[in-house]
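**Q** Shown below is the structure under consideration.
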Amino acid sequence: MTLDHADPAAVARGNGVPEDTFDVEPPYVATEAALAAVEKFEDRFLDRELSWLDLNQRVLELAEDERQPLLERVRFAAIFTSNLDEFFMVRVAGLKRRIAAGLAVKAASGMHPRDVLEAILDKAQALSDRHARLFADQLVPALIDAGIQLVRWGDLDREEQKYCKKLFKERIFPVLTPLAVDPAHPFPYISGLSLNLAVTIRNPKTGKEHFARVKVPPIFARFVPLGNQRFVPLEDVIGEHLKRLFPGMEVLEVHTFRVTRNEDLEVEEDDAENLLAALEKELLRRRFGPPVRLEVEESMTQGVLDLLVTELGVSEREVFRLPGPLDLRGLHGIADQNREELKYAAFVPTTHPLLAEVESSAPVDVFKATRRHDVLLHHPYDSFATSVQRFIEQAAADPHVLAIKQTLYRTSGDSPIIDALIDAAEAGKQVLVLVEIKARFDEEANIRWARKLEQAGCHVVYGQVGLKTHCKLALVVRDEPDGIHRYTHIGTGNYNGKTARSYEDLGLLTTDDLIGEDVAHLFNNLSGFARNPSYEHLLVAPDEVRTGLVDRIHREIEHHRAGRPARIRMKMNSLVDEGVIDALYLAAQEGIPVQLLTRAICALRPGVPGLSESIEVRSILGRFLEHSRVYWFDNGGEPEAWIGSADMMHRNLDRRVEVLVRLPETPLVTQVGELLDLAFAPDTSAWELHSNGDWVHNGGATDFQDTLIERHRRRRT
């Protein structure tokens with residue numbers, strides 16, 4: 001061992017100098033006793049599924065909050081519906097599948113799988129009832145007061161009825177297909193999330209009754225506009241004219257219902273020679289997944305309900321009786337009304353000052369700007385179009401750029417980035433695109449873009465077997481007078497210009513050679529057979545993110561014991577991983593302040609005496625979806641901050657390629673620190689997690705996102 005690399009304590013021992021002469025502590029190691037002090041709290045984990053339902057309850061509370069603009073409340077009510085749909089399609093469906101296969105094990109929370117399922121159904125039913133009451137008792141009257149009327153058929157005047165009759169005859173009727181059920185007509189397949197009419201008809205000659213199903217076409221507006229901001233549910237228009245569908249028959253009953261099916265994908269990648277073909281086959285299967293929930297209008301008679309339950313194969317516990325109208329995702333159409341006074345104040349993202357035009361009207365050269373300073377972007381406050389999108393577009397057009405490498409997880413349907421990558425390939429540049437075709441619910445779109453990119457000459461890779469590539473990376477290789485230089489973008493969000501206007505995310509634009517070299521190695525690992533499990537300036541899952549963060553949590557314990565500044569702050573979508581949570585508990589037992597900002601799920605239980613008294617957990621929801629991931633450590637007075645794509649969940653840490661990058665410059669770390677300071681300020685409006693698992697709003701008067709909007713506006717002047 002040379003002196004340069006020697007352990008100072010070992011050198012001290014070898015020279016007969018007392019060890020405490022040197023301010024060196026042995027690295028913190030979680031002893032069995034320390035771990036036992038954590039593990040004795042057997043109920044230290046909250047259930048992840050129930051925690052997600054708590055998130056949707058917070059969304060519902062925003063819809064209930066009269067301080068929110070009215071049409072934003074309506075939108076939150078629509079988001080509640082779509083959120084719950086996806087939860088049943090994926091999480092509940094997966095839980096049921098594991099129970100049926102005998103693979104379900106007791107959750108980390110200590111709950112048995114069937115108990116979790118029962119608790120989910122109870123809580124989801126209560127929230128659905130609350131949501132329906134909100135719509136009927138609060139939103140509809142408030143909309144009427146604002147001049148927007150959601151009415152039922154019986155409320156229409158004669159002229160409106162005539163209009164609907166004409167609409168039905170000319171546009172709706174040609175699309176409808178009634179499906180009868182009798183010995184010659186088996187019970188029809190009911191597609192997931194479709195709105196349907198259960199119709200009972202009778203033959204007046206024979207007196208025999210029949211059941212028929214009519215699907216409400218999703219191609220028409222969910223709420224039919226009548227003019228003067230009056231709307232009627234589409235099913236009311238169809239239901240009133242059913243005699244045209246069943247001429248000569250008597251219509252006895254009409255009720256709406258809706259089925260949610262298992263739409264989680266199962267692709268056996270190890271057995272698939274062609275992942276693309278395997279996924280296309282699985283997407284076809286998805287349409288026929290088993291039902292996991294049946295929503296019915298509360299007026300439905302027991303006989304009709306019994307038929308649906310039997311034919312669909314759902315249990316009574318999976319039946320949700322609700323007041324009509326069902327499927328309130330259609331409230332997005334109401335929220336889109338051109339009534340700006342009923343919405344959040346208009347907000348237009350601005351170009352980051354380091355990328356802004358100074359004297360001429362020509363766009364800033366992103367390469368020159370990035371060479372001068374690393375840039376930390378904060379979307380949607382900083383424009384995505386004039387930063388990340390411009391970066392890729394300029395790279396595609398620049399004759400000095402030799403290669404572009406990029407990951408694509410989700411992107412918009414008319415993506416300028418896709419167009420730029422195609423232009424770059426057609427111009428002869430080397431273009432590598434890693435398209436994650438298993439991005440849930442975006443699979444079909446990603447397959448189309450993958451095909452288009454391949455046809456343009458891009459090298460397209462579909463990820464690694466067994467891993468979903470979730471990291472957000474772009475690398476540009478440029479030939480400059482002093483040699484080859486790499487320009488790197490590492491983000492927390494997708495390369496999607498549309499969601500970048502409503503998702504909060506961070507992104508680093510840097511020319512740091514060491515970061516660029518790490519990213520280049522990672523792209524080689526993803527596209528070839530090379531595998532480098534460790535990097536100098538990145539943490540990459542599945543090999544390093546969990547261990548890297550746990551090591552840094554342990555390092556904070558070392559600093560704390562030595563009397564140096566120690567604090568841990570994390571901002572993420574979800575915190576579920578037991579290994580990370582237990583490491584945070586160890587830090588809390590030492591008295592280290594731990595502040596956690598989780599938008600969605602949190603399985604950590606804060607405020608438990610002897611376990612987590614120094615841990616604070618908050619959640620912030622608002623006009624933008626908080627999506628960035630930040631991991632901050634005071635580090636003995638030299639703070640470090642990491643940003644990237646990884647949440648603290650098993651899937652992210654074990655089954656995905658994720659990347660965290662340490663911010664390379666102090667001003668960028670300071671910028672992130674100020675963001676976290678605001679998030680945890682006493683007066684910032686947020687929900688706080690209590691030790692019993694309840695999320696309670698703190699009553700803070702300062703809106704986190706409005707404050708950031710104002711800060712960015714001031715930055716322009």
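Chain labels A, B, ... are given in the sequence in which chains occur in the structure tokens; within each chain residues are numbered consecutively from 1, and ligands are likewise numbered from 1 in the order shown.
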When you look at segment 493-503 of chain A with a cut-off of 7 Å (counting only C-alpha atoms), what residues show up, excluding the ones that are within fewer than 4 positions of it in the same chain? I need them as a count of residues only.

**A** 16

**Q** Show which residues sit within 12 Å of His400 of chain A, as a ChimeraX atom specification. Count only C-alpha atoms, and ignore same-chain residues fewer than 2 positions away.

**A** /A:367,394-398,402-404,424,427-429,476-481,483-486

**Q** Kindly indicate which residue among A:Thr707, A:Ser387, A:Gln302, A:Asn524 lies nearest to Pro353 of chain A, using only C-alpha atoms for the distances.

**A**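 Using only C-alpha atoms, Pro353 of chain A sits closest to A:Ser387.
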
**Q** Just the strand (DSSP E or B) stuff from segment 483-675 of chain A, please, per backbone DSSP, written as a compact mmCIF listing (two decimals) with N, CA and C atoms, in the first residue's frame.

**A**
```
# COMPACT_ATOMS: atom_id res chain seq x y z
N GLY A 483 -11.05 18.78 -30.69
CA GLY A 483 -11.28 17.36 -30.52
C GLY A 483 -12.76 17.01 -30.39
N ILE A 484 -13.00 15.76 -30.05
CA ILE A 484 -14.37 15.26 -29.89
C ILE A 484 -14.89 15.66 -28.52
N HIS A 485 -16.12 16.19 -28.49
CA HIS A 485 -16.75 16.56 -27.22
C HIS A 485 -18.13 15.90 -27.12
N ARG A 486 -18.48 15.57 -25.88
CA ARG A 486 -19.80 14.98 -25.62
C ARG A 486 -20.67 15.99 -24.89
N TYR A 487 -21.91 16.08 -25.33
CA TYR A 487 -22.93 16.90 -24.68
C TYR A 487 -24.01 15.95 -24.18
N THR A 488 -24.34 16.07 -22.91
CA THR A 488 -25.22 15.09 -22.29
C THR A 488 -26.43 15.75 -21.66
N HIS A 489 -27.58 15.13 -21.84
CA HIS A 489 -28.77 15.51 -21.09
C HIS A 489 -29.22 14.30 -20.28
N ILE A 490 -29.40 14.50 -18.99
CA ILE A 490 -29.93 13.47 -18.10
C ILE A 490 -31.13 14.07 -17.38
N GLY A 491 -32.27 13.42 -17.50
CA GLY A 491 -33.49 14.00 -16.94
C GLY A 491 -34.21 13.08 -15.99
N TYR A 503 -46.02 18.18 -16.39
CA TYR A 503 -45.24 17.39 -15.44
C TYR A 503 -44.06 18.21 -14.96
N GLU A 504 -43.85 18.20 -13.65
CA GLU A 504 -42.68 18.86 -13.08
C GLU A 504 -41.50 17.90 -13.14
N ASP A 505 -40.40 18.35 -13.75
CA ASP A 505 -39.22 17.50 -13.90
C ASP A 505 -37.97 18.35 -13.92
N LEU A 506 -36.84 17.71 -13.64
CA LEU A 506 -35.54 18.34 -13.70
C LEU A 506 -34.71 17.68 -14.80
N GLY A 507 -33.78 18.44 -15.35
CA GLY A 507 -32.88 17.88 -16.36
C GLY A 507 -31.56 18.61 -16.34
N LEU A 508 -30.48 17.87 -16.51
CA LEU A 508 -29.13 18.43 -16.53
C LEU A 508 -28.59 18.40 -17.94
N LEU A 509 -28.19 19.58 -18.45
CA LEU A 509 -27.44 19.69 -19.70
C LEU A 509 -25.99 19.98 -19.33
N THR A 510 -25.07 19.11 -19.73
CA THR A 510 -23.69 19.27 -19.27
C THR A 510 -22.70 18.84 -20.34
N LEU A 538 -22.22 8.18 -12.09
CA LEU A 538 -23.63 7.82 -12.16
C LEU A 538 -23.91 6.70 -11.16
N LEU A 539 -25.15 6.63 -10.75
CA LEU A 539 -25.66 5.42 -10.09
C LEU A 539 -26.64 4.80 -11.07
N VAL A 540 -26.43 3.54 -11.42
CA VAL A 540 -27.23 2.88 -12.45
C VAL A 540 -27.87 1.63 -11.86
N ALA A 541 -29.19 1.56 -11.96
CA ALA A 541 -29.91 0.36 -11.56
C ALA A 541 -29.90 -0.61 -12.74
N ILE A 568 -30.85 14.29 5.41
CA ILE A 568 -31.24 13.56 4.21
C ILE A 568 -32.56 14.13 3.71
N ARG A 569 -32.60 14.46 2.44
CA ARG A 569 -33.86 14.92 1.84
C ARG A 569 -34.05 14.19 0.51
N MET A 570 -35.25 13.69 0.30
CA MET A 570 -35.56 12.97 -0.92
C MET A 570 -36.89 13.43 -1.48
N LYS A 571 -36.92 13.61 -2.78
CA LYS A 571 -38.15 13.95 -3.49
C LYS A 571 -38.36 12.89 -4.57
N MET A 572 -39.52 12.25 -4.57
CA MET A 572 -39.74 11.14 -5.51
C MET A 572 -41.23 10.94 -5.68
N LEU A 575 -42.09 5.79 -2.47
CA LEU A 575 -41.09 5.17 -1.60
C LEU A 575 -41.68 3.87 -1.07
N VAL A 594 -34.68 13.74 8.51
CA VAL A 594 -34.98 13.12 7.23
C VAL A 594 -36.28 13.75 6.73
N GLN A 595 -36.23 14.35 5.55
CA GLN A 595 -37.40 14.97 4.94
C GLN A 595 -37.69 14.27 3.61
N LEU A 596 -38.91 13.77 3.48
CA LEU A 596 -39.30 13.00 2.31
C LEU A 596 -40.50 13.65 1.65
N LEU A 597 -40.40 13.89 0.36
CA LEU A 597 -41.51 14.45 -0.41
C LEU A 597 -41.92 13.38 -1.42
N THR A 598 -43.05 12.73 -1.18
CA THR A 598 -43.51 11.65 -2.04
C THR A 598 -44.86 12.04 -2.62
N CYS A 602 -46.14 6.03 -0.17
CA CYS A 602 -45.10 6.02 0.84
C CYS A 602 -45.39 4.89 1.81
N LEU A 604 -43.18 4.06 4.18
CA LEU A 604 -42.50 4.38 5.44
C LEU A 604 -43.50 5.01 6.41
N ILE A 615 -38.29 11.86 11.13
CA ILE A 615 -38.66 11.77 9.72
C ILE A 615 -39.96 12.53 9.48
N GLU A 616 -39.94 13.37 8.47
CA GLU A 616 -41.11 14.13 8.04
C GLU A 616 -41.44 13.71 6.61
N VAL A 617 -42.70 13.38 6.36
CA VAL A 617 -43.14 12.98 5.03
C VAL A 617 -44.23 13.93 4.56
N ARG A 618 -44.04 14.49 3.37
CA ARG A 618 -45.03 15.38 2.78
C ARG A 618 -45.41 14.92 1.38
N SER A 619 -46.54 15.42 0.92
CA SER A 619 -46.98 15.21 -0.46
C SER A 619 -47.57 16.51 -0.98
N LEU A 625 -48.02 17.94 -12.17
CA LEU A 625 -47.76 16.65 -11.53
C LEU A 625 -46.30 16.61 -11.10
N GLU A 626 -46.08 16.57 -9.79
CA GLU A 626 -44.71 16.53 -9.26
C GLU A 626 -44.07 15.20 -9.63
N ARG A 629 -37.21 13.39 -9.40
CA ARG A 629 -36.61 12.60 -8.32
C ARG A 629 -35.29 13.27 -7.92
N VAL A 630 -35.18 13.59 -6.63
CA VAL A 630 -34.00 14.27 -6.10
C VAL A 630 -33.57 13.55 -4.82
N TYR A 631 -32.27 13.32 -4.69
CA TYR A 631 -31.73 12.67 -3.48
C TYR A 631 -30.59 13.54 -2.96
N TRP A 632 -30.82 14.13 -1.79
CA TRP A 632 -29.94 15.17 -1.24
C TRP A 632 -29.31 14.67 0.07
N PHE A 633 -28.01 14.96 0.22
CA PHE A 633 -27.30 14.60 1.44
C PHE A 633 -26.45 15.80 1.87
N GLU A 640 -24.36 17.21 -1.48
CA GLU A 640 -24.44 16.65 -2.82
C GLU A 640 -25.89 16.32 -3.13
N ALA A 641 -26.23 16.48 -4.40
CA ALA A 641 -27.59 16.23 -4.86
C ALA A 641 -27.53 15.37 -6.10
N TRP A 642 -28.39 14.38 -6.13
CA TRP A 642 -28.50 13.47 -7.27
C TRP A 642 -29.90 13.61 -7.86
N ILE A 643 -29.99 13.62 -9.18
CA ILE A 643 -31.29 13.63 -9.85
C ILE A 643 -31.32 12.48 -10.86
N GLY A 644 -32.51 12.05 -11.21
CA GLY A 644 -32.60 10.99 -12.20
C GLY A 644 -33.98 10.39 -12.29
N MET A 648 -37.97 4.98 -5.45
CA MET A 648 -37.53 3.95 -4.52
C MET A 648 -38.57 2.83 -4.45
N ARG A 656 -35.40 -2.46 -13.67
CA ARG A 656 -35.31 -1.40 -14.67
C ARG A 656 -33.89 -0.88 -14.77
N VAL A 657 -33.58 -0.33 -15.94
CA VAL A 657 -32.35 0.44 -16.09
C VAL A 657 -32.70 1.88 -15.73
N GLU A 658 -32.17 2.33 -14.62
CA GLU A 658 -32.41 3.68 -14.12
C GLU A 658 -31.07 4.38 -13.94
N VAL A 659 -31.07 5.69 -14.02
CA VAL A 659 -29.84 6.45 -13.86
C VAL A 659 -30.06 7.63 -12.92
N LEU A 660 -29.16 7.77 -11.97
CA LEU A 660 -29.06 8.99 -11.16
C LEU A 660 -27.70 9.61 -11.44
N VAL A 661 -27.67 10.94 -11.54
CA VAL A 661 -26.42 11.64 -11.76
C VAL A 661 -26.22 12.65 -10.63
N ARG A 662 -25.00 12.72 -10.15
CA ARG A 662 -24.68 13.74 -9.14
C ARG A 662 -24.47 15.07 -9.85
```

**Q** Sorted by chain and rising residue number, list the residues of segment 280-368 of chain A at most 10 Å from segment 88-92 of chain A (counting only C-alpha atoms), each with its closest atom pair and distance in Å to one decimal, as CSV.

**A**
```
residue,atom,partner,partner_atom,distance
A:Gly289,CA,A:Met89,CA,9.3
A:Pro290,CA,A:Met89,CA,9.8
A:Pro291,CA,A:Met89,CA,8.8
A:Val292,CA,A:Phe88,CA,6.8
A:Arg293,CA,A:Phe88,CA,7.3
```

**Q** Quick one: residues within 10 Å of His131 of chain A, only C-alpha atoms counted, chain neighbours fewer than 5 positions away excluded, as a ChimeraX atom specification?

**A** /A:57,60-61,63-64,77-78,80-81,125-126,136-137,322,328

**Q** Give me the residues within 12 Å of Asp157 of chain A as number ranges by chain, counting only C-alpha atoms and dropping any in the same chain fewer than 6 places off.

**A** A: 151, 163-164, 226, 230, 232

**Q** Taking the DSSP assignment computed from this structure's backbone, write out as a PyMOL selection string all residues of segment 266-478 of chain A that belong to alpha helix (DSSP H).

**A** chain A and resi 275-286+302-312+331-335+366-372+390-397+416-426+443-455

**Q** Tell me which of A:Ile172, A:Thr177, A:Met249, A:Ala107 sits closest to Pro204 of chain A, counting only C-alpha atoms.

**A**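 Looking at the shortest contact to Pro204 of chain A, the residue is A:Met249.
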
**Q** Of the residues A:Ile592, A:Leu376, A:Leu84, A:Leu653, which is the one nearest to Lys123 of chain A, using only C-alpha atoms?

**A** A:Leu84

**Q** Excluding Thr256 of chain A and residues on its chain fewer than 5 positions from it, collect all residues at most 9 Å away from it, counting only C-alpha atoms, and give them as a PyMOL selection string.

**A** chain A and resi 195-199+235+295-297+300+324-326

**Q** Can you write out the residues you just picked, keeping N, CA and C atoms, as a PDB file, in the first residue's frame?

**A**
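So out-v2.pdb came out as:
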```
ATOM      1  N   LEU A 195     -68.490   2.083 -21.863  1.00  0.00           N
ATOM      2  CA  LEU A 195     -69.764   2.371 -21.226  1.00  0.00           C
ATOM      3  C   LEU A 195     -70.848   1.648 -22.015  1.00  0.00           C
ATOM      4  N   ASN A 196     -71.733   0.965 -21.300  1.00  0.00           N
ATOM      5  CA  ASN A 196     -72.717   0.109 -21.963  1.00  0.00           C
ATOM      6  C   ASN A 196     -74.107   0.333 -21.387  1.00  0.00           C
ATOM      7  N   LEU A 197     -75.094   0.060 -22.222  1.00  0.00           N
ATOM      8  CA  LEU A 197     -76.480   0.051 -21.777  1.00  0.00           C
ATOM      9  C   LEU A 197     -76.949  -1.396 -21.674  1.00  0.00           C
ATOM     10  N   ALA A 198     -77.453  -1.760 -20.488  1.00  0.00           N
ATOM     11  CA  ALA A 198     -78.102  -3.057 -20.299  1.00  0.00           C
ATOM     12  C   ALA A 198     -79.597  -2.835 -20.527  1.00  0.00           C
ATOM     13  N   VAL A 199     -80.120  -3.441 -21.579  1.00  0.00           N
ATOM     14  CA  VAL A 199     -81.494  -3.167 -22.014  1.00  0.00           C
ATOM     15  C   VAL A 199     -82.342  -4.432 -21.863  1.00  0.00           C
ATOM     16  N   GLU A 235     -75.327   8.663 -23.125  1.00  0.00           N
ATOM     17  CA  GLU A 235     -76.186   7.497 -22.917  1.00  0.00           C
ATOM     18  C   GLU A 235     -77.654   7.879 -22.760  1.00  0.00           C
ATOM     19  N   GLU A 295     -68.918  -1.733 -12.544  1.00  0.00           N
ATOM     20  CA  GLU A 295     -69.645  -0.559 -12.069  1.00  0.00           C
ATOM     21  C   GLU A 295     -71.030  -0.563 -12.705  1.00  0.00           C
ATOM     22  N   VAL A 296     -72.053  -0.377 -11.874  1.00  0.00           N
ATOM     23  CA  VAL A 296     -73.421  -0.368 -12.390  1.00  0.00           C
ATOM     24  C   VAL A 296     -74.162   0.827 -11.812  1.00  0.00           C
ATOM     25  N   GLU A 297     -75.104   1.312 -12.591  1.00  0.00           N
ATOM     26  CA  GLU A 297     -75.958   2.389 -12.123  1.00  0.00           C
ATOM     27  C   GLU A 297     -76.819   1.859 -10.977  1.00  0.00           C
ATOM     28  N   MET A 300     -80.123  -0.104 -11.286  1.00  0.00           N
ATOM     29  CA  MET A 300     -80.209  -1.405 -11.955  1.00  0.00           C
ATOM     30  C   MET A 300     -80.957  -2.413 -11.086  1.00  0.00           C
ATOM     31  N   GLY A 324     -75.731   7.482 -11.403  1.00  0.00           N
ATOM     32  CA  GLY A 324     -75.279   7.897 -12.734  1.00  0.00           C
ATOM     33  C   GLY A 324     -74.952   9.380 -12.741  1.00  0.00           C
ATOM     34  N   PRO A 325     -74.256   9.827 -13.749  1.00  0.00           N
ATOM     35  CA  PRO A 325     -73.676   9.031 -14.830  1.00  0.00           C
ATOM     36  C   PRO A 325     -72.375   8.358 -14.413  1.00  0.00           C
ATOM     37  N   LEU A 326     -72.124   7.178 -14.998  1.00  0.00           N
ATOM     38  CA  LEU A 326     -70.859   6.486 -14.794  1.00  0.00           C
ATOM     39  C   LEU A 326     -69.799   7.070 -15.729  1.00  0.00           C
TER      40      LEU A 326
END
```

**Q** Considering only C-alpha atoms, state which residue in the set A:Ala369, A:Ile417, A:Val696, A:Leu675 is at the smallest distance from Arg390 of chain A.

**A**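 Distance minimum relative to Arg390 of chain A lands on A:Ile417.
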
**Q** Smallest atom-to-atom distance to Arg73 of chain A: which of A:Phe320, A:Tyr381, A:Phe41, A:Tyr344, using only C-alpha atoms?

**A** A:Tyr344

**Q** Using only C-alpha atoms, pick whichever of A:Leu473, A:Ala588, A:Val314, A:Ala600 has the shortest atom-to-atom distance to Glu613 of chain A.

**A**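 Of A:Leu473, A:Ala588, A:Val314, A:Ala600, the one nearest Glu613 of chain A is A:Ala588, counting only C-alpha atoms.
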
**Q** What's the 8 Å shell around Ala450 of chain A, counting only C-alpha atoms, without same-chain residues fewer than 3 positions away, as a list in words?

**A**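 Contacts, in chain order: Val435, Asn446, Ile447, Leu453, Glu454 and Val460 of chain A.
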
**Q** What is the atom CA of Thr200 of chain A to atom CA of Lys169 of chain A distance in Å?

**A**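 Result for atom CA of Thr200 of chain A versus atom CA of Lys169 of chain A: 21.8 Å, one decimal.
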